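Working notes, beginning with the structure itself.
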Amino acid sequence: MKTNALSRTVQRTAVLTATAGLLTAGLLTGPASADAPAGGRADTLAACAYYNGNALTVYGQRGDRVSQAQCLLANRRYLPWGDVTGYFGPKTRAAVKKFQSRHHLTADGKVGKKTWYALYHA
């Protein structure tokens, strides 16, 4: 009997730990504020922790660099959170171009060193 109770306690603890981890991950990567102005910056930004660098990121690519750029664009309301997919498609390219033009960068739709810098510091 004691073994079954211990087993259930361990299972509950594991489920609660996993659930807490999922909730934390969702809070760190989800929308920061729904009431930020379009194209503006929310008071509190979601943590974008997919990639930390400045390598050229372009249309057609997939992966962490793309997710990072999309998260930073979503934080600034240039891209809806539902479009943070890790795929650099037409919506991401359009968001990058809009961001670039509003920040006096060459609006080529490519996330290069200057665009990365502006995304992190705008």
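Lettering and numbering for the structure tokens are positional, with chains as A, B, ... in the shown order, residues counted from 1 in each chain, and ligands counted from 1 in the shown order.
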
Find the residues near stretch 50-61 of chain A: any atom within 12 Å, counting only C-alpha atoms, skip ones fewer than 2 places away on the same chain, and give them as JSON, numbers by chain.
-> {"A": [25, 28, 29, 46, 47, 48, 63, 64, 65, 66, 67, 68, 69, 70, 71, 72, 84, 85, 86, 87, 88, 89, 90, 91, 92, 93, 94, 95, 96, 97, 108, 109, 110, 111, 112, 113, 114, 115, 116, 117, 118, 119, 120]}

Selection from above, N, CA and C atoms, as a CSV table (one decimal), in the first residue's frame, can you write it?
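File written: part-v2.csv
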chain,number,residue,atom,x,y,z
A,25,ALA,N,7.2,28.3,-20.1
A,25,ALA,CA,7.6,28.5,-21.5
A,25,ALA,C,6.6,29.3,-22.3
A,28,LEU,N,6.9,32.9,-21.4
A,28,LEU,CA,8.1,33.5,-21.9
A,28,LEU,C,8.1,33.8,-23.4
A,29,THR,N,7.3,33.0,-24.1
A,29,THR,CA,7.3,33.2,-25.6
A,29,THR,C,6.0,33.7,-26.2
A,46,ALA,N,7.8,40.2,-24.4
A,46,ALA,CA,8.0,38.8,-24.2
A,46,ALA,C,9.5,38.5,-24.4
A,47,ALA,N,10.0,37.5,-23.6
A,47,ALA,CA,11.4,37.1,-23.8
A,47,ALA,C,11.5,36.3,-25.1
A,48,CYS,N,12.4,36.8,-25.9
A,48,CYS,CA,12.7,36.0,-27.2
A,48,CYS,C,14.0,35.4,-27.0
A,63,GLY,N,14.0,27.9,-38.7
A,63,GLY,CA,14.8,27.6,-37.6
A,63,GLY,C,14.8,28.7,-36.5
A,64,ASP,N,15.7,28.6,-35.6
A,64,ASP,CA,15.8,29.5,-34.4
A,64,ASP,C,16.0,30.9,-34.8
A,65,ARG,N,16.9,31.2,-35.8
A,65,ARG,CA,17.1,32.6,-36.2
A,65,ARG,C,15.8,33.2,-36.7
A,66,VAL,N,15.0,32.5,-37.4
A,66,VAL,CA,13.8,33.0,-37.9
A,66,VAL,C,12.8,33.2,-36.8
A,67,SER,N,12.7,32.3,-35.9
A,67,SER,CA,11.8,32.4,-34.7
A,67,SER,C,12.2,33.6,-33.9
A,68,GLN,N,13.5,33.9,-33.7
A,68,GLN,CA,13.9,35.0,-33.0
A,68,GLN,C,13.5,36.3,-33.6
A,69,ALA,N,13.7,36.4,-34.9
A,69,ALA,CA,13.3,37.6,-35.7
A,69,ALA,C,11.8,37.8,-35.6
A,70,GLN,N,11.1,36.7,-35.7
A,70,GLN,CA,9.6,36.8,-35.7
A,70,GLN,C,9.1,37.2,-34.3
A,71,CYS,N,9.8,36.7,-33.2
A,71,CYS,CA,9.4,37.1,-31.9
A,71,CYS,C,9.6,38.6,-31.6
A,72,LEU,N,10.8,39.0,-32.1
A,72,LEU,CA,11.1,40.5,-31.9
A,72,LEU,C,10.1,41.3,-32.7
A,84,VAL,N,4.5,33.5,-35.6
A,84,VAL,CA,5.8,33.1,-35.1
A,84,VAL,C,5.9,31.6,-35.2
A,85,THR,N,6.4,31.2,-36.4
A,85,THR,CA,6.4,29.8,-36.7
A,85,THR,C,7.7,29.2,-37.0
A,86,GLY,N,8.8,30.0,-37.1
A,86,GLY,CA,10.1,29.5,-37.4
A,86,GLY,C,10.3,29.4,-38.9
A,87,TYR,N,9.3,29.8,-39.7
A,87,TYR,CA,9.5,29.8,-41.2
A,87,TYR,C,9.4,31.2,-41.7
A,88,PHE,N,10.4,31.6,-42.5
A,88,PHE,CA,10.5,33.0,-43.0
A,88,PHE,C,9.7,33.0,-44.3
A,89,GLY,N,8.4,33.3,-44.2
A,89,GLY,CA,7.6,33.3,-45.4
A,89,GLY,C,7.2,34.8,-45.8
A,90,PRO,N,6.2,34.9,-46.6
A,90,PRO,CA,5.8,36.2,-47.1
A,90,PRO,C,5.3,37.2,-46.0
A,91,LYS,N,4.6,36.7,-45.0
A,91,LYS,CA,4.2,37.6,-43.9
A,91,LYS,C,5.4,38.1,-43.1
A,92,THR,N,6.4,37.3,-42.9
A,92,THR,CA,7.6,37.7,-42.1
A,92,THR,C,8.3,38.7,-43.0
A,93,ARG,N,8.5,38.4,-44.3
A,93,ARG,CA,9.2,39.4,-45.1
A,93,ARG,C,8.5,40.7,-45.2
A,94,ALA,N,7.2,40.7,-45.3
A,94,ALA,CA,6.4,42.0,-45.3
A,94,ALA,C,6.6,42.7,-43.9
A,95,ALA,N,6.6,42.0,-42.8
A,95,ALA,CA,6.8,42.6,-41.5
A,95,ALA,C,8.2,43.2,-41.4
A,96,VAL,N,9.2,42.5,-41.9
A,96,VAL,CA,10.6,43.0,-41.8
A,96,VAL,C,10.7,44.2,-42.7
A,97,LYS,N,10.1,44.3,-43.9
A,97,LYS,CA,10.2,45.4,-44.7
A,97,LYS,C,9.6,46.7,-44.0
A,108,ASP,N,14.8,45.8,-47.6
A,108,ASP,CA,15.0,44.7,-48.5
A,108,ASP,C,14.4,43.4,-48.0
A,109,GLY,N,13.8,43.4,-46.8
A,109,GLY,CA,13.2,42.2,-46.3
A,109,GLY,C,14.1,41.1,-45.8
A,110,LYS,N,15.4,41.5,-45.7
A,110,LYS,CA,16.4,40.6,-45.2
A,110,LYS,C,16.8,41.1,-43.8
A,111,VAL,N,17.0,40.1,-42.8
A,111,VAL,CA,17.4,40.5,-41.5
A,111,VAL,C,18.9,40.3,-41.4
A,112,GLY,N,19.6,41.4,-41.7
A,112,GLY,CA,21.1,41.5,-41.6
A,112,GLY,C,21.5,42.1,-40.3
A,113,LYS,N,22.8,42.5,-40.2
A,113,LYS,CA,23.3,43.0,-38.9
A,113,LYS,C,22.6,44.3,-38.5
A,114,LYS,N,22.4,45.2,-39.4
A,114,LYS,CA,21.7,46.5,-39.0
A,114,LYS,C,20.3,46.2,-38.6
A,115,THR,N,19.6,45.3,-39.2
A,115,THR,CA,18.2,45.0,-38.8
A,115,THR,C,18.2,44.3,-37.5
A,116,TRP,N,19.1,43.4,-37.3
A,116,TRP,CA,19.1,42.7,-36.0
A,116,TRP,C,19.4,43.7,-34.9
A,117,TYR,N,20.3,44.6,-35.1
A,117,TYR,CA,20.6,45.6,-34.1
A,117,TYR,C,19.3,46.5,-33.8
A,118,ALA,N,18.6,46.9,-34.8
A,118,ALA,CA,17.4,47.7,-34.6
A,118,ALA,C,16.3,46.9,-33.9
A,119,LEU,N,16.2,45.6,-34.3
A,119,LEU,CA,15.2,44.8,-33.6
A,119,LEU,C,15.5,44.6,-32.1
A,120,TYR,N,16.7,44.5,-31.8
A,120,TYR,CA,17.1,44.4,-30.3
A,120,TYR,C,17.0,45.7,-29.6

Here atom CA of A:Ala74 and atom CA of A:Ser101 stand apart by 16.4 Å

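Across the structure, atom CA of A:Ala122 and atom CA of A:Arg76 are spaced 8.7 Å apart.
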